[in-house]
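This is query39.cif (mmCIF, N, CA and C atoms).
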data_query
#
loop_
_atom_site.label_atom_id
_atom_site.label_comp_id
_atom_site.auth_asym_id
_atom_site.auth_seq_id
_atom_site.Cartn_x
_atom_site.Cartn_y
_atom_site.Cartn_z
N MET A 20 48.73 -23.17 -18.69
CA MET A 20 48.58 -22.01 -17.82
C MET A 20 47.65 -20.98 -18.46
N LYS A 21 47.80 -20.80 -19.76
CA LYS A 21 46.97 -19.83 -20.45
C LYS A 21 45.50 -20.26 -20.44
N LYS A 22 45.23 -21.58 -20.57
CA LYS A 22 43.87 -22.07 -20.55
C LYS A 22 43.23 -21.84 -19.18
N ARG A 23 44.00 -22.03 -18.14
CA ARG A 23 43.51 -21.84 -16.79
C ARG A 23 43.13 -20.36 -16.59
N TYR A 24 43.94 -19.46 -17.08
CA TYR A 24 43.68 -18.02 -16.98
C TYR A 24 42.41 -17.66 -17.74
N GLU A 25 42.25 -18.19 -18.96
CA GLU A 25 41.07 -17.90 -19.77
C GLU A 25 39.81 -18.45 -19.10
N ARG A 26 39.89 -19.65 -18.54
CA ARG A 26 38.75 -20.26 -17.88
C ARG A 26 38.37 -19.44 -16.63
N GLY A 27 39.35 -18.99 -15.89
CA GLY A 27 39.10 -18.16 -14.70
C GLY A 27 38.46 -16.83 -15.07
N ALA A 28 38.92 -16.22 -16.16
CA ALA A 28 38.35 -14.96 -16.62
C ALA A 28 36.90 -15.17 -17.08
N LEU A 29 36.64 -16.29 -17.75
CA LEU A 29 35.28 -16.59 -18.21
C LEU A 29 34.35 -16.80 -17.01
N VAL A 30 34.79 -17.52 -16.01
CA VAL A 30 33.99 -17.75 -14.81
C VAL A 30 33.72 -16.42 -14.11
N ALA A 31 34.73 -15.57 -14.02
CA ALA A 31 34.56 -14.26 -13.37
C ALA A 31 33.54 -13.41 -14.12
N LEU A 32 33.58 -13.42 -15.45
CA LEU A 32 32.62 -12.66 -16.26
C LEU A 32 31.20 -13.18 -16.08
N VAL A 33 31.05 -14.49 -16.07
CA VAL A 33 29.72 -15.08 -15.89
C VAL A 33 29.17 -14.71 -14.51
N LEU A 34 30.00 -14.83 -13.47
CA LEU A 34 29.57 -14.47 -12.12
C LEU A 34 29.22 -12.99 -12.02
N ALA A 35 29.99 -12.14 -12.66
CA ALA A 35 29.70 -10.71 -12.65
C ALA A 35 28.37 -10.44 -13.35
N GLY A 36 28.13 -11.10 -14.47
CA GLY A 36 26.87 -10.93 -15.20
C GLY A 36 25.67 -11.38 -14.38
N VAL A 37 25.80 -12.52 -13.72
CA VAL A 37 24.72 -13.02 -12.87
C VAL A 37 24.48 -12.06 -11.71
N GLY A 38 25.55 -11.57 -11.11
CA GLY A 38 25.43 -10.62 -10.00
C GLY A 38 24.72 -9.36 -10.41
N ILE A 39 25.05 -8.83 -11.58
CA ILE A 39 24.41 -7.61 -12.09
C ILE A 39 22.93 -7.88 -12.36
N ALA A 40 22.62 -9.04 -12.96
CA ALA A 40 21.23 -9.39 -13.25
C ALA A 40 20.41 -9.51 -11.97
N VAL A 41 20.97 -10.13 -10.95
CA VAL A 41 20.27 -10.28 -9.67
C VAL A 41 20.06 -8.90 -9.03
N ALA A 42 21.07 -8.06 -9.06
CA ALA A 42 20.95 -6.72 -8.47
C ALA A 42 19.87 -5.90 -9.17
N LEU A 43 19.83 -5.95 -10.49
CA LEU A 43 18.81 -5.21 -11.24
C LEU A 43 17.41 -5.75 -10.97
N THR A 44 17.28 -7.06 -10.86
CA THR A 44 15.99 -7.67 -10.56
C THR A 44 15.50 -7.26 -9.18
N LEU A 45 16.37 -7.33 -8.19
CA LEU A 45 15.98 -6.94 -6.83
C LEU A 45 15.60 -5.47 -6.76
N ARG A 46 16.31 -4.64 -7.47
CA ARG A 46 16.00 -3.21 -7.48
C ARG A 46 14.63 -2.96 -8.11
N ALA A 47 14.35 -3.62 -9.23
CA ALA A 47 13.06 -3.46 -9.89
C ALA A 47 11.92 -3.95 -9.00
N LEU A 48 12.12 -5.06 -8.32
CA LEU A 48 11.09 -5.58 -7.42
C LEU A 48 10.85 -4.62 -6.26
N ASP A 49 11.90 -4.07 -5.70
CA ASP A 49 11.77 -3.16 -4.57
C ASP A 49 11.02 -1.89 -4.97
N GLU A 50 11.25 -1.41 -6.18
CA GLU A 50 10.59 -0.19 -6.64
C GLU A 50 9.11 -0.42 -6.94
N ASN A 51 8.73 -1.65 -7.27
CA ASN A 51 7.36 -1.93 -7.67
C ASN A 51 6.51 -2.57 -6.59
N ILE A 52 7.07 -2.89 -5.45
CA ILE A 52 6.31 -3.49 -4.37
C ILE A 52 5.55 -2.40 -3.63
N LEU A 53 4.28 -2.66 -3.38
CA LEU A 53 3.46 -1.73 -2.59
C LEU A 53 3.19 -2.39 -1.25
N TYR A 54 3.81 -1.88 -0.22
CA TYR A 54 3.61 -2.41 1.11
C TYR A 54 2.27 -1.95 1.68
N PHE A 55 1.69 -2.76 2.55
CA PHE A 55 0.39 -2.48 3.14
C PHE A 55 0.57 -1.90 4.54
N TYR A 56 -0.14 -0.82 4.83
CA TYR A 56 -0.10 -0.19 6.16
C TYR A 56 -1.51 0.16 6.60
N THR A 57 -1.72 0.15 7.90
CA THR A 57 -2.98 0.58 8.49
C THR A 57 -2.85 2.04 8.90
N PRO A 58 -3.95 2.73 9.18
CA PRO A 58 -3.85 4.10 9.66
C PRO A 58 -2.98 4.23 10.93
N HIS A 59 -3.05 3.24 11.81
CA HIS A 59 -2.23 3.27 13.03
C HIS A 59 -0.74 3.22 12.68
N GLN A 60 -0.36 2.37 11.74
CA GLN A 60 1.03 2.27 11.33
C GLN A 60 1.49 3.55 10.65
N VAL A 61 0.62 4.17 9.85
CA VAL A 61 0.97 5.43 9.18
C VAL A 61 1.17 6.51 10.23
N SER A 62 0.28 6.60 11.20
CA SER A 62 0.39 7.60 12.26
C SER A 62 1.65 7.39 13.10
N ALA A 63 2.09 6.13 13.23
CA ALA A 63 3.29 5.81 14.00
C ALA A 63 4.56 6.06 13.20
N GLY A 64 4.43 6.48 11.94
CA GLY A 64 5.60 6.79 11.12
C GLY A 64 6.23 5.60 10.44
N GLU A 65 5.53 4.47 10.38
CA GLU A 65 6.09 3.27 9.75
C GLU A 65 6.01 3.29 8.23
N ALA A 66 5.11 4.10 7.67
CA ALA A 66 4.94 4.16 6.22
C ALA A 66 6.09 4.95 5.60
N PRO A 67 6.49 4.60 4.38
CA PRO A 67 7.61 5.30 3.72
C PRO A 67 7.23 6.70 3.28
N ASP A 68 8.15 7.64 3.45
CA ASP A 68 7.93 9.01 3.01
C ASP A 68 8.19 9.12 1.51
N GLY A 69 7.27 9.71 0.79
CA GLY A 69 7.46 9.97 -0.63
C GLY A 69 7.35 8.75 -1.53
N LYS A 70 6.94 7.60 -1.00
CA LYS A 70 6.79 6.39 -1.81
C LYS A 70 5.35 5.92 -1.75
N ARG A 71 4.92 5.30 -2.83
CA ARG A 71 3.56 4.74 -2.87
C ARG A 71 3.48 3.54 -1.94
N PHE A 72 2.31 3.39 -1.32
CA PHE A 72 2.03 2.21 -0.52
C PHE A 72 0.52 2.00 -0.49
N ARG A 73 0.10 0.89 0.10
CA ARG A 73 -1.33 0.59 0.21
C ARG A 73 -1.80 0.91 1.62
N LEU A 74 -2.93 1.57 1.72
CA LEU A 74 -3.56 1.89 2.99
C LEU A 74 -4.85 1.10 3.07
N GLY A 75 -5.06 0.42 4.18
CA GLY A 75 -6.28 -0.37 4.31
C GLY A 75 -6.99 -0.11 5.61
N GLY A 76 -8.30 -0.22 5.58
CA GLY A 76 -9.11 -0.05 6.77
C GLY A 76 -10.57 0.02 6.40
N LEU A 77 -11.35 0.58 7.30
CA LEU A 77 -12.79 0.72 7.10
C LEU A 77 -13.13 2.17 6.84
N VAL A 78 -14.06 2.41 5.92
CA VAL A 78 -14.54 3.77 5.66
C VAL A 78 -15.48 4.15 6.81
N ILE A 79 -15.18 5.25 7.48
CA ILE A 79 -16.01 5.70 8.61
C ILE A 79 -17.35 6.19 8.07
N PRO A 80 -18.45 5.65 8.62
CA PRO A 80 -19.78 6.08 8.18
C PRO A 80 -19.96 7.59 8.34
N GLY A 81 -20.51 8.22 7.31
CA GLY A 81 -20.76 9.65 7.33
C GLY A 81 -19.58 10.51 6.95
N SER A 82 -18.44 9.89 6.62
CA SER A 82 -17.24 10.68 6.32
C SER A 82 -17.02 10.93 4.84
N ILE A 83 -17.87 10.37 3.99
CA ILE A 83 -17.68 10.52 2.55
C ILE A 83 -18.23 11.87 2.10
N HIS A 84 -17.34 12.67 1.48
CA HIS A 84 -17.72 14.00 0.97
C HIS A 84 -17.29 14.11 -0.49
N ARG A 85 -18.25 14.40 -1.35
CA ARG A 85 -17.98 14.56 -2.78
C ARG A 85 -17.96 16.04 -3.13
N THR A 86 -17.05 16.42 -4.02
CA THR A 86 -16.99 17.80 -4.49
C THR A 86 -17.95 17.93 -5.67
N PRO A 87 -18.96 18.80 -5.56
CA PRO A 87 -19.93 18.96 -6.65
C PRO A 87 -19.24 19.36 -7.96
N GLY A 88 -19.68 18.75 -9.05
CA GLY A 88 -19.17 19.10 -10.37
C GLY A 88 -17.82 18.47 -10.71
N SER A 89 -17.33 17.57 -9.86
CA SER A 89 -16.06 16.90 -10.17
C SER A 89 -16.11 15.47 -9.64
N GLN A 90 -15.04 14.76 -9.87
CA GLN A 90 -14.93 13.38 -9.37
C GLN A 90 -14.11 13.32 -8.09
N LYS A 91 -13.86 14.47 -7.46
CA LYS A 91 -13.09 14.49 -6.22
C LYS A 91 -13.94 14.00 -5.06
N ILE A 92 -13.32 13.19 -4.24
CA ILE A 92 -14.00 12.64 -3.08
C ILE A 92 -13.01 12.56 -1.93
N SER A 93 -13.50 12.79 -0.73
CA SER A 93 -12.66 12.62 0.46
C SER A 93 -13.45 11.77 1.45
N PHE A 94 -12.72 10.99 2.24
CA PHE A 94 -13.34 10.14 3.25
C PHE A 94 -12.30 9.79 4.29
N LEU A 95 -12.75 9.22 5.39
CA LEU A 95 -11.86 8.83 6.47
C LEU A 95 -11.77 7.31 6.53
N VAL A 96 -10.54 6.81 6.72
CA VAL A 96 -10.31 5.38 6.85
C VAL A 96 -9.78 5.13 8.26
N THR A 97 -10.31 4.09 8.91
CA THR A 97 -9.89 3.76 10.26
C THR A 97 -9.55 2.28 10.39
N ASP A 98 -8.72 1.99 11.37
CA ASP A 98 -8.47 0.60 11.76
C ASP A 98 -8.99 0.39 13.18
N ASN A 99 -9.89 1.26 13.59
CA ASN A 99 -10.50 1.29 14.92
C ASN A 99 -9.51 1.68 16.01
N LYS A 100 -8.36 2.17 15.61
CA LYS A 100 -7.38 2.69 16.56
C LYS A 100 -6.97 4.10 16.15
N GLU A 101 -6.72 4.31 14.89
CA GLU A 101 -6.36 5.60 14.31
C GLU A 101 -7.22 5.84 13.09
N THR A 102 -7.32 7.10 12.69
CA THR A 102 -8.10 7.50 11.51
C THR A 102 -7.22 8.34 10.61
N LEU A 103 -7.36 8.14 9.31
CA LEU A 103 -6.55 8.88 8.34
C LEU A 103 -7.46 9.42 7.24
N PRO A 104 -7.34 10.72 6.90
CA PRO A 104 -8.13 11.26 5.79
C PRO A 104 -7.55 10.81 4.44
N VAL A 105 -8.45 10.54 3.51
CA VAL A 105 -8.06 10.09 2.18
C VAL A 105 -8.74 10.98 1.16
N GLU A 106 -7.99 11.36 0.13
CA GLU A 106 -8.54 12.10 -1.00
C GLU A 106 -8.32 11.27 -2.26
N TYR A 107 -9.32 11.30 -3.13
CA TYR A 107 -9.26 10.52 -4.36
C TYR A 107 -10.00 11.28 -5.45
N GLU A 108 -9.47 11.22 -6.66
CA GLU A 108 -10.16 11.80 -7.80
C GLU A 108 -10.26 10.74 -8.87
N GLY A 109 -11.49 10.37 -9.19
CA GLY A 109 -11.71 9.34 -10.18
C GLY A 109 -13.00 8.61 -9.89
N VAL A 110 -13.22 7.54 -10.64
CA VAL A 110 -14.43 6.74 -10.49
C VAL A 110 -14.18 5.70 -9.41
N LEU A 111 -15.04 5.68 -8.42
CA LEU A 111 -14.94 4.71 -7.33
C LEU A 111 -15.61 3.40 -7.73
N PRO A 112 -15.20 2.29 -7.11
CA PRO A 112 -15.89 1.03 -7.37
C PRO A 112 -17.37 1.12 -6.98
N ASP A 113 -18.23 0.39 -7.65
CA ASP A 113 -19.66 0.42 -7.37
C ASP A 113 -19.97 0.05 -5.93
N LEU A 114 -19.17 -0.82 -5.33
CA LEU A 114 -19.43 -1.30 -3.98
C LEU A 114 -18.84 -0.42 -2.88
N PHE A 115 -18.22 0.69 -3.24
CA PHE A 115 -17.65 1.59 -2.25
C PHE A 115 -18.78 2.27 -1.49
N ARG A 116 -18.73 2.21 -0.14
CA ARG A 116 -19.74 2.86 0.69
C ARG A 116 -19.26 2.95 2.14
N ASP A 117 -20.04 3.61 2.96
CA ASP A 117 -19.74 3.75 4.39
C ASP A 117 -19.59 2.40 5.06
N GLY A 118 -18.62 2.31 5.97
CA GLY A 118 -18.47 1.14 6.81
C GLY A 118 -17.83 -0.07 6.18
N GLN A 119 -17.41 0.00 4.95
CA GLN A 119 -16.85 -1.18 4.30
C GLN A 119 -15.34 -1.13 4.27
N GLY A 120 -14.73 -2.30 4.10
CA GLY A 120 -13.28 -2.40 3.99
C GLY A 120 -12.80 -1.92 2.64
N VAL A 121 -11.73 -1.13 2.64
CA VAL A 121 -11.15 -0.64 1.40
C VAL A 121 -9.63 -0.74 1.48
N ILE A 122 -9.03 -0.79 0.31
CA ILE A 122 -7.58 -0.65 0.19
C ILE A 122 -7.35 0.42 -0.85
N ALA A 123 -6.56 1.43 -0.49
CA ALA A 123 -6.26 2.53 -1.40
C ALA A 123 -4.77 2.55 -1.67
N HIS A 124 -4.39 2.80 -2.92
CA HIS A 124 -2.99 2.91 -3.32
C HIS A 124 -2.67 4.38 -3.49
N GLY A 125 -1.55 4.84 -2.93
CA GLY A 125 -1.18 6.24 -3.10
C GLY A 125 -0.04 6.64 -2.18
N THR A 126 0.01 7.94 -1.85
CA THR A 126 1.09 8.48 -1.02
C THR A 126 0.50 9.45 0.00
N ILE A 127 1.29 9.76 1.01
CA ILE A 127 0.91 10.76 2.01
C ILE A 127 1.45 12.11 1.55
N ASN A 128 0.61 13.15 1.57
CA ASN A 128 1.10 14.49 1.20
C ASN A 128 1.66 15.19 2.44
N ASP A 129 2.15 16.40 2.26
CA ASP A 129 2.76 17.15 3.36
C ASP A 129 1.77 17.47 4.48
N GLY A 130 0.49 17.50 4.17
CA GLY A 130 -0.53 17.80 5.17
C GLY A 130 -1.00 16.58 5.94
N GLY A 131 -0.42 15.43 5.68
CA GLY A 131 -0.81 14.21 6.38
C GLY A 131 -2.04 13.53 5.81
N VAL A 132 -2.43 13.94 4.59
CA VAL A 132 -3.58 13.34 3.92
C VAL A 132 -3.08 12.29 2.94
N PHE A 133 -3.73 11.13 2.94
CA PHE A 133 -3.38 10.08 1.98
C PHE A 133 -4.05 10.41 0.65
N VAL A 134 -3.26 10.63 -0.39
CA VAL A 134 -3.77 10.95 -1.71
C VAL A 134 -3.74 9.67 -2.54
N ALA A 135 -4.91 9.13 -2.78
CA ALA A 135 -5.03 7.84 -3.46
C ALA A 135 -5.11 8.03 -4.97
N ASP A 136 -4.49 7.11 -5.70
CA ASP A 136 -4.65 7.08 -7.15
C ASP A 136 -5.44 5.85 -7.59
N GLU A 137 -5.78 4.98 -6.62
CA GLU A 137 -6.62 3.82 -6.88
C GLU A 137 -7.29 3.42 -5.58
N VAL A 138 -8.58 3.08 -5.65
CA VAL A 138 -9.32 2.63 -4.48
C VAL A 138 -10.00 1.31 -4.84
N LEU A 139 -9.79 0.32 -3.98
CA LEU A 139 -10.39 -1.00 -4.18
C LEU A 139 -11.37 -1.26 -3.04
N ALA A 140 -12.51 -1.90 -3.36
CA ALA A 140 -13.52 -2.20 -2.35
C ALA A 140 -13.82 -3.69 -2.34
N LYS A 141 -14.41 -4.15 -1.25
CA LYS A 141 -14.76 -5.56 -1.15
C LYS A 141 -15.77 -5.91 -2.25
N HIS A 142 -15.82 -7.20 -2.60
CA HIS A 142 -16.66 -7.56 -3.73
C HIS A 142 -17.98 -8.21 -3.35
N ASP A 143 -18.23 -8.51 -2.08
CA ASP A 143 -19.55 -8.94 -1.65
C ASP A 143 -19.75 -8.61 -0.18
N GLU A 144 -20.90 -8.93 0.35
CA GLU A 144 -21.25 -8.52 1.72
C GLU A 144 -20.38 -9.18 2.79
N ASN A 145 -19.84 -10.36 2.54
CA ASN A 145 -19.10 -11.09 3.56
C ASN A 145 -17.59 -10.97 3.42
N TYR A 146 -17.12 -10.36 2.37
CA TYR A 146 -15.68 -10.32 2.10
C TYR A 146 -15.06 -9.04 2.63
N MET A 147 -13.86 -9.19 3.18
CA MET A 147 -13.04 -8.05 3.56
C MET A 147 -11.63 -8.39 3.09
N PRO A 148 -10.90 -7.43 2.50
CA PRO A 148 -9.55 -7.73 2.05
C PRO A 148 -8.75 -8.38 3.18
N PRO A 149 -8.00 -9.47 2.90
CA PRO A 149 -7.29 -10.19 3.96
C PRO A 149 -6.38 -9.30 4.80
N GLU A 150 -5.71 -8.34 4.16
CA GLU A 150 -4.81 -7.46 4.89
C GLU A 150 -5.58 -6.61 5.90
N VAL A 151 -6.77 -6.14 5.50
CA VAL A 151 -7.58 -5.31 6.38
C VAL A 151 -8.10 -6.14 7.54
N ALA A 152 -8.60 -7.35 7.24
CA ALA A 152 -9.11 -8.22 8.30
C ALA A 152 -8.02 -8.55 9.31
N GLU A 153 -6.83 -8.86 8.84
CA GLU A 153 -5.71 -9.18 9.73
C GLU A 153 -5.31 -7.98 10.56
N ALA A 154 -5.25 -6.80 9.94
CA ALA A 154 -4.86 -5.59 10.66
C ALA A 154 -5.88 -5.25 11.74
N LEU A 155 -7.17 -5.39 11.43
CA LEU A 155 -8.20 -5.11 12.42
C LEU A 155 -8.15 -6.12 13.56
N LYS A 156 -7.86 -7.38 13.22
CA LYS A 156 -7.74 -8.41 14.26
C LYS A 156 -6.56 -8.10 15.18
N GLU A 157 -5.44 -7.63 14.61
CA GLU A 157 -4.28 -7.27 15.42
C GLU A 157 -4.60 -6.10 16.34
N VAL A 158 -5.31 -5.09 15.83
CA VAL A 158 -5.66 -3.92 16.64
C VAL A 158 -6.54 -4.35 17.81
N HIS A 159 -7.55 -5.17 17.53
CA HIS A 159 -8.43 -5.63 18.60
C HIS A 159 -7.69 -6.54 19.57
N GLY A 160 -6.72 -7.30 19.06
CA GLY A 160 -5.92 -8.14 19.92
C GLY A 160 -5.04 -7.31 20.86
N ASP A 161 -4.50 -6.18 20.33
CA ASP A 161 -3.67 -5.28 21.14
C ASP A 161 -4.49 -4.66 22.26
N GLU A 162 -5.77 -4.36 21.99
CA GLU A 162 -6.59 -3.71 23.00
C GLU A 162 -6.95 -4.65 24.13
N GLN A 163 -6.97 -5.96 23.85
CA GLN A 163 -7.34 -6.94 24.86
C GLN A 163 -6.21 -7.23 25.83
N THR A 164 -4.97 -6.96 25.42
CA THR A 164 -3.84 -7.26 26.29
C THR A 164 -3.55 -6.12 27.23
#
Kindly transcribe the structure held in the file into C-alpha cells.
Amino acid sequence: MKKRYERGALVALVLAGVGIAVALTLRALDENILYFYTPHQVSAGEAPDGKRFRLGGLVIPGSIHRTPGSQKISFLVTDNKETLPVEYEGVLPDLFRDGQGVIAHGTINDGGVFVADEVLAKHDENYMPPEVAEALKEVHGDEQT
C-alpha cells in the first residue's frame, strides 16, 4: 500500500512539473509572437492595444518625410483599402522607397500613429513580403465581391 502511495505521488509530481513547463513555454511564446496586421485590420480594431505587432503594406508614393538633422522619418502605409501613418527613428534599409512593400514592427500610440522600432523592405524588384502580398490579394478580392 505504501509503494502504491509513493508511486502515485511521484506520478502526480511529474505531471505537475510537465504542466508547469508547458504553461511557461506557452506564455513565453505568446509574449514573443508578433502578429501581422494590415492597415485595414488596424483601423477595424483587430490589432492588440499596447502590444507590439507587425504592420505590412505599401509605402504611399510622396508620403516619406524626413526630419532634418535627425534620423526621424514618417510615411504612410496602405493596403489599398486603409492608410496608416508610421513614424520611425533609425537607419532604414537601403531598398526602402516609395511604392514598395514594407513590414514594420512596433506599436500604435494614443494618436493612432504606428511607432515602428524596426522596418523591413523587400530585397529585390520582384519580391514582396508574403504577408503583404496575401493581404493585398485579400483586399482586392473583397472589392470584387
Need to verify the contact set: region 84-88 of chain A, 10 Å, only C-alpha atoms, exclusion of same-chain residues closer than 3 positions in sequence. Can you return it as number ranges by chain? A: 81, 91-95, 106-108
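Distance-wise, atom N of Ala140 (chain A) and atom N of Ile127 (chain A) end up 18.6 Å apart.
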One-decimal distance in Å that lies between CA of Val110 (chain A) and CA of Ala154 (chain A): 26.3 Å
Give me, please, the distance in Å between CA of Asp98 (chain A) and CA of Asp49 (chain A), quoted to one decimal. 26.3 Å
Judged by only C-alpha atoms, the minimum distance to Ala66 (chain A) among A:Gln119, A:Thr126, A:Ala135, A:Val30 is found for A:Thr126
Select, from A:Leu74, A:Ile79, A:Val61, A:Val37, the residue with the minimum atom-to-atom distance to Arg116 (chain A), counting all atoms listed in the file. A:Ile79
Could you state which residues are captured by the PyMOL selection byres ((chain A and resi 56) around 6.5) in this file, as a PyMOL selection string? chain A and resi 54-55+57-61+72-75
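Candidate residues A:Leu77, A:Val138, A:Ile83, A:Val132 were compared for distance to Pro112 (chain A), and the nearest is A:Val138, using all atoms listed in the file.
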Residues of region 22-141 of chain A in strand (DSSP E) according to DSSP, as a short mmCIF file (atom, residue, chain, number, x, y, z; two decimals) with N, CA and C atoms, keeping the file's coordinate frame?
data_model
loop_
_atom_site.label_atom_id
_atom_site.label_comp_id
_atom_site.auth_asym_id
_atom_site.auth_seq_id
_atom_site.Cartn_x
_atom_site.Cartn_y
_atom_site.Cartn_z
N PHE A 55 1.69 -2.76 2.55
CA PHE A 55 0.39 -2.48 3.14
C PHE A 55 0.57 -1.90 4.54
N TYR A 56 -0.14 -0.82 4.83
CA TYR A 56 -0.10 -0.19 6.16
C TYR A 56 -1.51 0.16 6.60
N PHE A 72 2.31 3.39 -1.32
CA PHE A 72 2.03 2.21 -0.52
C PHE A 72 0.52 2.00 -0.49
N ARG A 73 0.10 0.89 0.10
CA ARG A 73 -1.33 0.59 0.21
C ARG A 73 -1.80 0.91 1.62
N LEU A 74 -2.93 1.57 1.72
CA LEU A 74 -3.56 1.89 2.99
C LEU A 74 -4.85 1.10 3.07
N GLY A 75 -5.06 0.42 4.18
CA GLY A 75 -6.28 -0.37 4.31
C GLY A 75 -6.99 -0.11 5.61
N GLY A 76 -8.30 -0.22 5.58
CA GLY A 76 -9.11 -0.05 6.77
C GLY A 76 -10.57 0.02 6.40
N LEU A 77 -11.35 0.58 7.30
CA LEU A 77 -12.79 0.72 7.10
C LEU A 77 -13.13 2.17 6.84
N VAL A 78 -14.06 2.41 5.92
CA VAL A 78 -14.54 3.77 5.66
C VAL A 78 -15.48 4.15 6.81
N HIS A 84 -17.34 12.67 1.48
CA HIS A 84 -17.72 14.00 0.97
C HIS A 84 -17.29 14.11 -0.49
N ARG A 85 -18.25 14.40 -1.35
CA ARG A 85 -17.98 14.56 -2.78
C ARG A 85 -17.96 16.04 -3.13
N LYS A 91 -13.86 14.47 -7.46
CA LYS A 91 -13.09 14.49 -6.22
C LYS A 91 -13.94 14.00 -5.06
N ILE A 92 -13.32 13.19 -4.24
CA ILE A 92 -14.00 12.64 -3.08
C ILE A 92 -13.01 12.56 -1.93
N SER A 93 -13.50 12.79 -0.73
CA SER A 93 -12.66 12.62 0.46
C SER A 93 -13.45 11.77 1.45
N PHE A 94 -12.72 10.99 2.24
CA PHE A 94 -13.34 10.14 3.25
C PHE A 94 -12.30 9.79 4.29
N LEU A 95 -12.75 9.22 5.39
CA LEU A 95 -11.86 8.83 6.47
C LEU A 95 -11.77 7.31 6.53
N VAL A 96 -10.54 6.81 6.72
CA VAL A 96 -10.31 5.38 6.85
C VAL A 96 -9.78 5.13 8.26
N THR A 97 -10.31 4.09 8.91
CA THR A 97 -9.89 3.76 10.26
C THR A 97 -9.55 2.28 10.39
N THR A 102 -7.32 7.10 12.69
CA THR A 102 -8.10 7.50 11.51
C THR A 102 -7.22 8.34 10.61
N LEU A 103 -7.36 8.14 9.31
CA LEU A 103 -6.55 8.88 8.34
C LEU A 103 -7.46 9.42 7.24
N PRO A 104 -7.34 10.72 6.90
CA PRO A 104 -8.13 11.26 5.79
C PRO A 104 -7.55 10.81 4.44
N VAL A 105 -8.45 10.54 3.51
CA VAL A 105 -8.06 10.09 2.18
C VAL A 105 -8.74 10.98 1.16
N GLU A 106 -7.99 11.36 0.13
CA GLU A 106 -8.54 12.10 -1.00
C GLU A 106 -8.32 11.27 -2.26
N TYR A 107 -9.32 11.30 -3.13
CA TYR A 107 -9.26 10.52 -4.36
C TYR A 107 -10.00 11.28 -5.45
N GLU A 108 -9.47 11.22 -6.66
CA GLU A 108 -10.16 11.80 -7.80
C GLU A 108 -10.26 10.74 -8.87
N GLY A 120 -14.73 -2.30 4.10
CA GLY A 120 -13.28 -2.40 3.99
C GLY A 120 -12.80 -1.92 2.64
N VAL A 121 -11.73 -1.13 2.64
CA VAL A 121 -11.15 -0.64 1.40
C VAL A 121 -9.63 -0.74 1.48
N ILE A 122 -9.03 -0.79 0.31
CA ILE A 122 -7.58 -0.65 0.19
C ILE A 122 -7.35 0.42 -0.85
N ALA A 123 -6.56 1.43 -0.49
CA ALA A 123 -6.26 2.53 -1.40
C ALA A 123 -4.77 2.55 -1.67
N HIS A 124 -4.39 2.80 -2.92
CA HIS A 124 -2.99 2.91 -3.32
C HIS A 124 -2.67 4.38 -3.49
N GLY A 125 -1.55 4.84 -2.93
CA GLY A 125 -1.18 6.24 -3.10
C GLY A 125 -0.04 6.64 -2.18
N THR A 126 0.01 7.94 -1.85
CA THR A 126 1.09 8.48 -1.02
C THR A 126 0.50 9.45 0.00
N ILE A 127 1.29 9.76 1.01
CA ILE A 127 0.91 10.76 2.01
C ILE A 127 1.45 12.11 1.55
N PHE A 133 -3.73 11.13 2.94
CA PHE A 133 -3.38 10.08 1.98
C PHE A 133 -4.05 10.41 0.65
N VAL A 134 -3.26 10.63 -0.39
CA VAL A 134 -3.77 10.95 -1.71
C VAL A 134 -3.74 9.67 -2.54
N ALA A 135 -4.91 9.13 -2.78
CA ALA A 135 -5.03 7.84 -3.46
C ALA A 135 -5.11 8.03 -4.97
N ASP A 136 -4.49 7.11 -5.70
CA ASP A 136 -4.65 7.08 -7.15
C ASP A 136 -5.44 5.85 -7.59
N GLU A 137 -5.78 4.98 -6.62
CA GLU A 137 -6.62 3.82 -6.88
C GLU A 137 -7.29 3.42 -5.58
N VAL A 138 -8.58 3.08 -5.65
CA VAL A 138 -9.32 2.63 -4.48
C VAL A 138 -10.00 1.31 -4.84
N LEU A 139 -9.79 0.32 -3.98
CA LEU A 139 -10.39 -1.00 -4.18
C LEU A 139 -11.37 -1.26 -3.04
N ALA A 140 -12.51 -1.90 -3.36
CA ALA A 140 -13.52 -2.20 -2.35
C ALA A 140 -13.82 -3.69 -2.34
#
Can you check which residues of region 42-138 of chain A DSSP gives as alpha helix (DSSP H) on the backbone and send them as a list of chain:residue names? A:Ala42, A:Leu43, A:Thr44, A:Leu45, A:Arg46, A:Ala47, A:Leu48, A:Asp49, A:Glu50, A:Asn51, A:Pro58, A:His59, A:Gln60, A:Val61, A:Ser62
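The smallest atom-to-atom distance between Phe115 (chain A) and any of A:Leu139, A:Glu101, A:Gly36, A:Asn128, using only C-alpha atoms, is found for A:Leu139.
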Taking all atoms listed in the file into account, name the residue in A:Gly64, A:Gly131, A:Gly125, A:Gly76 that is nearest to Val96 (chain A). A:Gly76
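Residue nearest Leu53 (chain A), chosen from A:Lys156, A:Lys100, A:Arg26, A:Lys70 and counting only N, CA and C atoms: A:Lys70.
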